[in-house]
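The file target_20.txt comes next; it holds compact mmCIF, C-alpha atoms.
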# COMPACT_ATOMS: atom_id res chain seq x y z
CA MET A 267 -1.28 11.91 7.85
CA GLU A 268 -2.06 13.02 11.35
CA PRO A 269 -4.88 11.16 13.17
CA THR A 270 -7.06 14.27 12.94
CA THR A 271 -6.57 14.83 9.22
CA ALA A 272 -9.88 14.88 7.34
CA THR A 273 -10.15 14.45 3.59
CA ARG A 274 -13.24 15.54 1.67
CA VAL A 275 -14.23 13.04 -0.98
CA GLY A 276 -16.93 14.07 -3.43
CA THR A 277 -19.67 16.23 -1.97
CA GLY A 278 -20.70 16.03 1.62
CA THR A 279 -18.55 13.00 2.48
CA ILE A 280 -15.84 13.22 5.12
CA LYS A 281 -13.37 10.40 5.64
CA VAL A 282 -10.95 10.57 8.54
CA VAL A 283 -7.64 8.77 8.09
CA GLN A 284 -6.29 7.54 11.40
CA ASN A 285 -3.22 5.75 12.67
CA ILE A 286 -1.28 5.99 9.42
CA GLN A 287 2.31 4.84 10.04
CA GLY A 288 4.45 6.68 7.50
CA ASN A 289 7.92 5.82 6.19
CA ALA A 290 9.18 9.41 6.35
CA PRO A 291 11.51 10.12 9.30
CA LEU A 292 10.76 12.67 11.99
CA ILE A 293 12.83 15.78 11.19
CA GLU A 294 12.23 18.83 13.36
CA ALA A 295 14.79 21.52 14.16
CA VAL A 296 13.09 22.18 17.52
CA ASP A 297 13.39 18.50 18.43
CA ASN A 298 17.09 19.01 19.18
CA ARG A 299 17.31 22.29 21.08
CA THR A 300 20.59 21.56 22.87
CA GLU A 301 22.58 21.00 19.67
CA GLN A 302 23.18 23.09 16.57
CA TRP A 303 22.49 20.26 14.14
CA VAL A 304 19.14 18.78 13.10
CA LYS A 305 18.47 15.14 13.86
CA CYS A 306 17.58 12.99 10.88
CA GLY A 307 14.93 10.70 12.30
CA LYS A 308 13.83 10.22 15.89
CA ASN A 309 17.15 8.60 16.82
CA ASN A 310 19.18 10.59 14.28
CA LEU A 311 20.04 7.38 12.43
CA PHE A 312 17.57 7.29 9.54
CA ARG A 313 20.35 7.68 6.98
CA GLU A 314 22.32 4.84 8.55
CA PHE A 315 19.12 2.79 8.59
CA LEU A 316 18.81 3.18 4.81
CA ARG A 317 22.34 1.87 4.29
CA ALA A 318 21.78 -1.06 6.65
CA LEU A 319 18.48 -1.91 4.95
CA ALA A 320 20.13 -1.94 1.53
CA ASP A 321 22.85 -4.21 2.91
CA ASN A 322 20.17 -6.72 3.91
CA CYS A 323 17.75 -6.42 0.97
CA ALA A 324 19.12 -7.69 -2.34
CA PRO A 325 16.65 -5.91 -4.69
CA MET A 326 17.08 -2.59 -2.88
CA ASN A 327 20.87 -2.83 -2.94
CA SER A 328 20.83 -3.73 -6.64
CA CYS A 329 18.60 -0.74 -7.36
CA VAL A 330 20.89 1.63 -5.43
CA ASN A 331 23.93 0.37 -7.33
CA THR A 332 22.19 0.38 -10.71
CA LEU A 333 20.63 3.83 -10.31
CA GLY A 334 23.95 5.16 -9.01
CA LEU A 335 25.84 3.84 -12.04
CA TYR A 336 23.36 5.35 -14.47
CA ILE A 337 23.37 8.74 -12.71
CA ALA A 338 27.19 8.75 -12.70
CA GLY A 339 27.32 8.11 -16.44
CA LYS A 340 30.53 7.59 -18.40
CA ARG A 341 32.05 11.04 -17.96
CA LEU A 342 31.20 14.70 -17.50
CA VAL A 343 31.44 16.68 -20.75
CA PHE A 344 31.86 20.49 -20.83
CA LYS A 345 30.56 22.15 -24.01
CA ASP A 346 30.59 25.69 -25.33
CA SER A 347 27.64 27.55 -26.89
CA LYS A 348 28.28 25.78 -30.20
CA GLY A 349 28.07 22.35 -28.62
CA ASP A 350 31.80 21.62 -28.92
CA GLU A 351 33.67 20.09 -26.00
CA VAL A 352 35.93 22.49 -24.09
CA GLU A 353 39.21 20.65 -23.61
CA ALA A 354 40.58 23.16 -21.09
CA ALA A 355 37.54 22.64 -18.85
CA LYS A 356 38.02 18.87 -19.06
CA VAL A 357 41.64 19.21 -17.92
CA LYS A 358 40.72 21.62 -15.11
CA TRP A 359 37.95 19.35 -13.84
CA ALA A 360 40.36 16.43 -13.73
CA GLU A 361 42.73 18.55 -11.62
CA LEU A 362 39.99 19.54 -9.18
CA THR A 363 38.91 15.92 -8.64
CA MET A 364 42.44 14.54 -8.44
CA ARG A 365 42.15 13.23 -4.86
CA ASN A 366 40.17 10.12 -5.82
CA GLY A 367 39.79 10.64 -9.54
CA GLU A 368 37.02 12.14 -11.64
CA ALA A 369 35.26 8.82 -12.17
CA ALA A 370 35.26 8.05 -8.44
CA PHE A 371 33.87 11.51 -7.70
CA ARG A 372 30.92 10.98 -10.02
CA SER A 373 30.18 7.43 -8.91
CA ARG A 374 30.28 8.28 -5.19
CA VAL A 375 28.11 11.37 -5.51
CA ALA A 376 25.67 9.43 -7.68
CA LYS A 377 25.45 6.57 -5.21
CA ASP A 378 24.61 9.00 -2.40
CA LEU A 379 21.84 10.42 -4.59
CA ALA A 380 20.52 6.93 -5.28
CA LEU A 381 20.48 5.90 -1.61
CA LEU A 382 19.69 9.15 0.20
CA GLY A 383 18.21 11.59 -2.29
CA ASP A 384 20.96 14.16 -1.61
CA ARG A 385 24.70 14.62 -2.01
CA CYS A 386 27.61 16.38 -0.30
CA VAL A 387 30.75 17.91 -1.84
CA ASP A 388 33.68 19.45 0.04
CA VAL A 389 34.99 22.49 -1.85
CA ILE A 390 38.58 23.36 -0.88
CA TYR A 391 39.96 26.85 -1.48
CA SER A 392 43.44 28.30 -1.88
CA LYS A 393 44.72 31.84 -2.46
CA SER A 394 44.24 31.43 -6.21
CA GLY A 395 40.65 30.16 -5.96
CA ILE A 396 39.04 26.72 -5.88
CA ALA A 397 41.81 24.15 -5.46
CA GLU A 398 39.86 20.92 -5.07
CA VAL A 399 36.40 19.39 -4.95
CA ALA A 400 36.00 16.12 -3.10
CA HIS A 401 33.09 13.83 -2.38
CA MET A 402 32.05 13.60 1.27
CA ASP A 403 29.96 10.73 2.63
CA ALA A 404 26.51 12.31 2.80
CA MET A 405 25.20 9.54 5.06
CA ARG A 406 27.37 10.83 7.90
CA LEU A 407 26.49 14.50 7.37
CA ARG A 408 23.95 16.40 9.44
CA SER A 409 22.49 19.78 8.62
CA GLY A 410 22.76 22.87 10.75
CA LYS A 411 19.64 24.83 11.61
CA LYS A 412 18.33 27.69 9.51
CA ASP A 413 19.11 31.25 10.53
CA SER A 414 16.58 34.09 10.65
CA ALA A 415 16.85 34.52 6.89
CA GLY A 416 16.17 30.85 6.23
CA ARG A 417 19.75 30.00 5.27
CA ILE A 418 21.81 27.03 6.45
CA ASN A 419 25.31 28.27 7.24
CA GLU A 420 26.84 25.20 8.80
CA TYR A 421 26.91 21.42 8.49
CA PHE A 422 28.18 18.77 10.89
CA TRP A 423 30.06 15.58 10.11
CA CYS A 424 30.72 12.58 12.34
CA SER A 425 32.28 9.25 11.46
CA ASN A 426 29.75 7.38 13.60
CA TRP A 427 26.60 9.11 14.86
CA GLU A 428 25.49 5.99 16.68
CA LYS A 429 28.54 5.90 18.94
CA THR A 430 29.27 9.59 19.38
CA THR A 431 28.58 11.46 22.60
CA LYS A 432 28.58 15.11 23.52
CA HIS A 433 32.24 15.01 24.53
CA SER A 434 33.34 12.12 22.33
CA LYS A 435 37.03 12.04 21.38
CA ASP A 436 36.87 8.97 19.19
CA TYR A 437 33.86 10.16 17.19
CA PRO A 438 33.85 13.96 17.36
CA VAL A 439 31.11 16.01 15.69
CA ILE A 440 32.97 18.37 13.36
CA PRO A 441 31.33 21.67 12.29
CA LEU A 442 31.90 22.65 8.65
CA PRO A 443 30.94 25.95 6.99
CA ALA A 444 28.37 25.82 4.20
CA PHE A 445 29.33 26.77 0.66
CA GLY A 446 28.62 30.49 0.21
CA SER A 447 28.55 31.30 3.94
CA GLU A 448 30.67 34.01 5.57
CA ALA A 449 32.70 31.41 7.48
CA MET A 450 33.74 29.73 4.24
CA LYS A 451 36.55 32.16 3.38
CA PRO A 452 38.48 32.06 6.67
CA ALA A 453 38.10 28.26 6.76
CA ASN A 454 39.22 27.91 3.12
CA ARG A 455 36.49 25.34 2.53
CA GLY A 456 32.74 25.09 2.11
CA ILE A 457 30.24 22.23 2.06
CA SER A 458 28.04 22.11 -1.02
CA PHE A 459 24.92 20.16 -0.06
CA ALA A 460 22.10 19.58 -2.53
CA MET A 461 18.92 17.55 -2.21
CA ASP A 462 15.94 16.69 -4.33
CA TYR A 463 12.84 18.65 -3.41
CA HIS A 464 10.43 16.91 -1.07
CA GLN A 465 7.47 18.79 0.39
CA GLY A 466 7.78 19.49 4.09
CA GLN A 467 11.48 18.58 4.26
CA ASP A 468 13.86 21.51 4.68
CA TYR A 469 17.08 19.87 5.76
CA TYR A 470 17.57 16.45 4.16
CA GLY A 471 16.74 14.75 0.93
CA MET A 472 14.31 11.87 1.01
CA PRO A 473 15.04 8.58 -0.76
CA TYR A 474 13.24 8.26 -4.08
CA TYR A 475 11.98 4.84 -3.04
CA LEU A 476 10.51 6.05 0.27
CA PRO A 477 7.11 4.33 -0.21
CA ALA A 478 8.89 0.97 -0.64
CA LEU A 479 10.75 0.98 2.67
CA THR A 480 8.22 -1.32 4.29
CA ASP A 481 8.47 -3.76 1.40
CA ALA A 482 12.26 -3.70 1.63
CA GLU A 483 11.99 -4.57 5.32
CA VAL A 484 9.57 -7.39 4.52
CA PHE A 485 11.94 -8.79 1.89
CA SER A 486 14.91 -8.73 4.25
CA ARG A 487 12.90 -10.34 7.06
CA ILE A 488 11.86 -13.22 4.83
CA ALA A 489 15.50 -14.18 4.41
CA GLU A 490 16.03 -13.85 8.16
CA TYR A 491 12.94 -15.97 8.83
CA ASN A 492 14.18 -18.69 6.49
CA ARG A 493 17.60 -18.69 8.15
CA VAL A 494 16.06 -19.06 11.58
CA GLY A 495 13.84 -21.79 10.15
CA ILE A 496 16.85 -23.74 8.94
CA ASP A 497 18.56 -23.33 12.32
CA THR A 498 15.50 -24.50 14.21
CA GLY A 499 14.15 -27.16 11.86
CA PHE A 500 11.78 -24.59 10.30
CA THR A 501 8.63 -24.44 12.48
CA PRO A 502 7.69 -26.61 15.47
CA LYS A 503 6.13 -29.86 14.34
CA PHE A 504 4.79 -30.93 17.71
CA HIS A 505 4.52 -30.01 21.35
CA LEU A 506 6.26 -32.41 23.73
CA HIS A 507 4.93 -32.72 27.26
CA LEU A 508 6.85 -35.06 29.57
CA PHE A 509 5.46 -36.35 32.86
CA THR A 510 8.49 -36.50 35.12
CA THR A 511 9.65 -36.12 38.69
CA LYS A 512 12.92 -34.44 37.68
CA ASP A 513 13.82 -31.08 39.22
CA ASN A 514 14.01 -27.82 37.26
CA GLU A 515 17.71 -28.12 36.51
CA ASP A 516 17.27 -31.58 35.02
CA VAL A 517 14.31 -30.42 32.93
CA LYS A 518 16.34 -27.46 31.65
CA GLN A 519 19.18 -29.76 30.69
CA LEU A 520 16.73 -32.08 28.95
CA ASP A 521 15.25 -29.18 26.96
CA GLU A 522 18.70 -28.05 25.85
CA SER A 523 19.59 -31.58 24.80
CA ILE A 524 16.42 -31.88 22.71
CA GLU A 525 17.10 -28.51 21.05
CA GLN A 526 20.68 -29.49 20.24
CA VAL A 527 19.76 -32.86 18.74
CA PHE A 528 16.54 -32.16 16.88
CA THR A 529 16.93 -28.60 15.48
CA GLY A 530 19.06 -27.25 12.68
CA ALA A 531 19.72 -28.47 9.14
CA ASP A 532 21.15 -31.77 10.45
CA GLY A 533 18.56 -32.33 13.16
CA LYS A 534 17.13 -35.80 13.67
CA LYS A 535 13.66 -36.54 12.34
CA TYR A 536 12.68 -38.85 15.18
CA ILE A 537 12.64 -38.82 18.98
CA PHE A 538 13.62 -41.72 21.21
CA THR A 539 12.55 -41.68 24.84
CA TYR A 540 12.89 -44.01 27.76
CA GLY A 541 12.12 -44.04 31.45
CA THR A 542 10.30 -45.83 34.24
CA LYS A 543 6.58 -46.37 34.53
CA GLU A 544 6.50 -44.06 37.52
CA GLU A 545 7.89 -41.15 35.49
CA GLY A 546 5.12 -41.42 32.96
CA ALA A 547 5.16 -41.44 29.16
CA PRO A 548 5.65 -38.22 27.11
CA VAL A 549 2.69 -36.73 25.25
CA PHE A 550 3.21 -35.52 21.67
CA THR A 551 0.74 -32.96 20.29
CA PRO A 552 1.09 -32.21 16.52
CA ILE A 553 1.17 -28.51 15.54
CA LYS A 554 -0.16 -27.43 12.18
CA ARG A 555 2.11 -25.13 10.20
CA GLY A 556 0.92 -21.56 9.98
CA ASP A 557 2.92 -20.63 6.87
CA GLU A 558 1.92 -22.62 3.81
CA PRO A 559 4.68 -23.53 1.32
CA GLY A 560 5.14 -20.78 -1.24
CA GLU A 561 3.46 -17.99 0.74
CA LEU A 562 6.72 -16.32 1.70
CA ASP A 563 7.99 -16.62 -1.87
CA LYS A 564 4.92 -14.78 -3.13
CA MET A 565 5.39 -12.08 -0.51
CA GLY A 566 9.04 -11.70 -1.52
CA ASP A 567 8.20 -11.49 -5.22
CA ARG A 568 5.61 -8.80 -4.56
CA SER A 569 7.98 -6.78 -2.39
CA GLU A 570 10.69 -7.06 -5.03
CA MET A 571 8.43 -5.63 -7.74
CA VAL A 572 7.27 -2.79 -5.46
CA ILE A 573 10.93 -1.85 -4.82
CA TYR A 574 11.68 -1.73 -8.55
CA LYS A 575 8.61 0.43 -9.19
CA ALA A 576 9.47 2.81 -6.35
CA PHE A 577 12.97 3.32 -7.74
CA GLY A 578 11.53 3.77 -11.22
CA ILE A 579 13.75 1.00 -12.60
CA PRO A 580 12.13 -1.26 -15.22
CA PRO A 581 12.09 -4.85 -13.89
CA ILE A 582 13.42 -6.12 -17.22
CA LEU A 583 16.54 -4.03 -16.60
CA MET A 584 17.06 -5.93 -13.34
CA GLY A 585 16.88 -9.30 -15.05
CA VAL A 586 13.23 -10.03 -14.25
CA ASP A 587 11.37 -11.97 -16.94
CA VAL A 588 8.47 -9.92 -18.28
CA ALA A 589 5.98 -10.47 -21.07
CA THR A 590 7.31 -8.71 -24.18
CA GLY A 591 4.82 -9.73 -26.84
CA MET A 592 5.72 -10.09 -30.51
CA SER A 593 8.36 -7.33 -30.47
CA GLY A 594 10.81 -9.42 -28.41
CA LYS A 595 12.83 -8.85 -25.30
CA GLY A 596 15.59 -6.91 -27.08
CA LEU A 597 13.28 -4.12 -28.20
CA ALA A 598 11.49 -4.08 -24.85
CA LEU A 599 14.80 -3.70 -23.06
CA GLU A 600 15.88 -0.86 -25.35
CA GLN A 601 12.60 0.98 -24.83
CA SER A 602 12.76 0.48 -21.07
CA VAL A 603 16.30 1.83 -20.87
CA THR A 604 15.35 4.91 -22.91
CA GLN A 605 12.38 5.62 -20.68
CA PHE A 606 14.46 5.03 -17.56
CA LEU A 607 17.14 7.47 -18.73
CA ARG A 608 14.67 10.23 -19.60
CA THR A 609 12.32 9.99 -16.63
CA VAL A 610 14.56 8.84 -13.76
CA VAL A 611 18.27 9.27 -14.50
CA GLU A 612 18.61 12.56 -16.39
CA PRO A 613 16.48 14.64 -13.98
CA ARG A 614 18.80 13.59 -11.13
CA GLN A 615 22.04 14.17 -12.99
CA LYS A 616 21.49 17.89 -12.48
CA PHE A 617 22.85 17.53 -8.96
CA ILE A 618 26.23 16.81 -10.57
CA THR A 619 26.10 18.95 -13.72
CA ASP A 620 24.66 22.09 -12.11
CA PHE A 621 27.33 21.97 -9.45

Would you mind writing the file's structure down as structure tokens?
Amino acid sequence: MEPTTATRVGTGTIKVVQNIQGNAPLIEAVDNRTEQWVKCGKNNLFREFLRALADNCAPMNSCVNTLGLYIAGKRLVFKDSKGDEVEAAKVKWAELTMRNGEAAFRSRVAKDLALLGDRCVDVIYSKSGIAEVAHMDAMRLRSGKKDSAGRINEYFWCSNWEKTTKHSKDYPVIPLPAFGSEAMKPANRGISFAMDYHQGQDYYGMPYYLPALTDAEVFSRIAEYNRVGIDTGFTPKFHLHLFTTKDNEDVKQLDESIEQVFTGADGKKYIFTYGTKEEGAPVFTPIKRGDEPGELDKMGDRSEMVIYKAFGIPPILMGVDVATGMSGKGLALEQSVTQFLRTVVEPRQKFITDF
């Protein structure tokens, strides 16, 4: 919410919500007036941020892979009005997705949906009609701006939006006509882009787990914190003050020597000092740990459960032990999978089947 947003609660009570830091990226067509494409996020790298976050957060990455596999399913079945499978349609679909295979097409499109909340398909034309449909990495796609009629006629693709420049030769921004636009026919191709509806977002899909982004960051930072802790002997145990007449260079060398010897997984657990009476004895001041044992584990467990809930994936499906009562884990798992399929997976499969 904006700092000035007021919400009426009950009768006669006004509560003002201020300084709310949202997870949704800044997406404004007017924010990028010099280019034809719309930035996704303030730095145009929100989609890349999602991929990087999943690469560093185990529960999030598992959810993306699991949801993607379920959305992809086993195969796409074409049926007539009687409910019988149309063999000719099956053969034709296999021909259209021949570049990487029908299974790869489904799995890649589904994984984009799971990570980004949208998907991109490149439809290739020939003189006889549609010749091929191929998955295109939706993470590296950017939307063109709407025309006066509210239509998007063009999309833009770049292999690396972080490294590209206005006149980049290594990472050029390639314009591509949208599926159904006038430029599609002369180009013999059109980009079919589809996204799940999200209020206030006109150009890009939003990840289904958007409210859990902060928890995913917390989870990934816990692992980073623990790694740094191992490298540095966890947290400082004491403050060492040495009375000495050495110059700055000698003190710097001494500090580096102490760091090298006493930090890391193999660091020594004791300190030996020596010197003259004139130099003075070192003073050791103990430092109490700020993070109690187990606190980070509890934070990680909470973040993990929030991520599962945001994705809509039952924790039991992800291997988390849950209380199942007298019915047993087998029945609980079966019920959870059925609910997951009906409420999360099937509604999102339309982005493959409708296309």

Counting all atoms listed in the file, which residues in region 271-359 of chain A sit no more than 12 Å from region 436-458 of chain A? For each one, give the nearest pair of atoms and the distance in Å, sorted by chain then residue number, as CSV.
residue,atom,partner,partner_atom,distance
A:Glu301,CA,A:Val439,CA,10.7
A:Gln302,CA,A:Pro441,CA,9.3
A:Trp303,CA,A:Pro441,CA,9.1

Would you write out, as CSV, a table of all residues in region 395-448 of chain A that have an atom no more than 7 Å from an atom of region 378-391 of chain A, listing for each the closest atom pair and the distance in Å to one decimal, considering only C-alpha atoms and ordering rows by chain and rising residue number?
residue,atom,partner,partner_atom,distance
A:Gly395,CA,A:Tyr391,CA,5.6
A:Ile396,CA,A:Tyr391,CA,4.5
A:Ala397,CA,A:Tyr391,CA,5.2
A:Glu398,CA,A:Ile390,CA,5.0
A:Val399,CA,A:Val389,CA,4.6
A:Ala400,CA,A:Asp388,CA,5.1
A:His401,CA,A:Val387,CA,4.7
A:Met402,CA,A:Cys386,CA,5.5
A:Asp403,CA,A:Cys386,CA,6.8
A:Ala404,CA,A:Cys386,CA,5.2

Distance in Å - CA of Lys616 (chain A) versus CA of Val343 (chain A)
13.0 Å

Cut-off 12 Å around (32.0, 13.8, -16.0) with only C-alpha atoms: residues as a PyMOL selection string
chain A and resi 337-345+351+355-360+362-363+367-373+375-376+615-616+618-621

Of A:Asp521, A:Asp346, A:Val304, A:Tyr336, the one nearest to Glu420 (chain A) when counting all atoms listed in the file is A:Val304

Using all atoms listed in the file, which of the listed residues (A:Val603, A:Leu333, A:Met326, A:Ala460) sits closest to Thr480 (chain A)?
A:Met326

Tell me, counting all atoms listed in the file, for each residue of region 439-472 of chain A within 10 Å of region 286-298 of chain A, which pair of atoms is nearest and how far apart they are in Å to one decimal, in rows ordered by chain and increasing number, as JSON lines.
{"residue": "A:Gly466", "atom": "CA", "partner": "A:Ile293", "partner_atom": "CA", "distance": 9.5}
{"residue": "A:Gln467", "atom": "CA", "partner": "A:Ile293", "partner_atom": "CA", "distance": 7.6}
{"residue": "A:Asp468", "atom": "CA", "partner": "A:Ile293", "partner_atom": "CA", "distance": 8.7}
{"residue": "A:Tyr469", "atom": "CA", "partner": "A:Ile293", "partner_atom": "CA", "distance": 8.0}
{"residue": "A:Tyr470", "atom": "CA", "partner": "A:Ile293", "partner_atom": "CA", "distance": 8.5}
{"residue": "A:Met472", "atom": "CA", "partner": "A:Ala290", "partner_atom": "CA", "distance": 7.8}

Measure the distance from CA of Gly585 (chain A) to CA of Tyr491 (chain A) in Å and round it to one decimal.
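Computed distance, CA of Gly585 (chain A) to CA of Tyr491 (chain A), equals 25.1 Å.
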
Quick check, in Å to one decimal: how far apart do CA of Ser569 (chain A) and CA of Asp481 (chain A) lie?
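Computing the Euclidean distance for CA of Ser569 (chain A) and CA of Asp481 (chain A) yields 4.9 Å.
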
Using all atoms listed in the file, can you list as a list in words the residues within 8 Å of (14.2, -2.9, -17.2)?
Ile579, Pro580, Pro581, Ile582, Leu583, Met584, Gly585, Val586, Leu599, Ser602, Val603 and Phe606 of chain A

Excluding Asn322 (chain A) and residues on its chain fewer than 3 positions from it, collect all residues at most 10 Å away from it, counting all atoms listed in the file, and give them as an mmCIF file with C-alpha atoms, in the frame of the given file.
data_model
loop_
_atom_site.group_PDB
_atom_site.id
_atom_site.type_symbol
_atom_site.label_atom_id
_atom_site.label_comp_id
_atom_site.auth_asym_id
_atom_site.auth_seq_id
_atom_site.Cartn_x
_atom_site.Cartn_y
_atom_site.Cartn_z
ATOM 1 C CA ARG A 317 22.340 1.870 4.290
ATOM 2 C CA ALA A 318 21.780 -1.060 6.650
ATOM 3 C CA LEU A 319 18.480 -1.910 4.950
ATOM 4 C CA PRO A 325 16.650 -5.910 -4.690
ATOM 5 C CA MET A 326 17.080 -2.590 -2.880
ATOM 6 C CA ASN A 327 20.870 -2.830 -2.940
ATOM 7 C CA ALA A 482 12.260 -3.700 1.630
ATOM 8 C CA GLU A 483 11.990 -4.570 5.320
ATOM 9 C CA PHE A 485 11.940 -8.790 1.890
ATOM 10 C CA SER A 486 14.910 -8.730 4.250
ATOM 11 C CA ARG A 487 12.900 -10.340 7.060
ATOM 12 C CA ALA A 489 15.500 -14.180 4.410
ATOM 13 C CA GLU A 490 16.030 -13.850 8.160
#

Axis-aligned box for region 438-441 of chain A, 3 Å per side, centre and edges in Å as lines of an AutoDock Vina configuration file:
center_x = 32.5
center_y = 17.8
center_z = 14.8
size_x = 8.7
size_y = 13.7
size_z = 11.1

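Closest approach to Cys329 (chain A) among A:Ile573, A:Leu607, A:Leu311, A:Leu407 is made by A:Ile573 (distances from all atoms listed in the file).
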
Proximity to Phe617 (chain A) - best of A:Tyr475, A:Cys424, A:Lys377, A:Met405, only C-alpha atoms
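Counting only C-alpha atoms, the residue closest to Phe617 (chain A) is A:Lys377.
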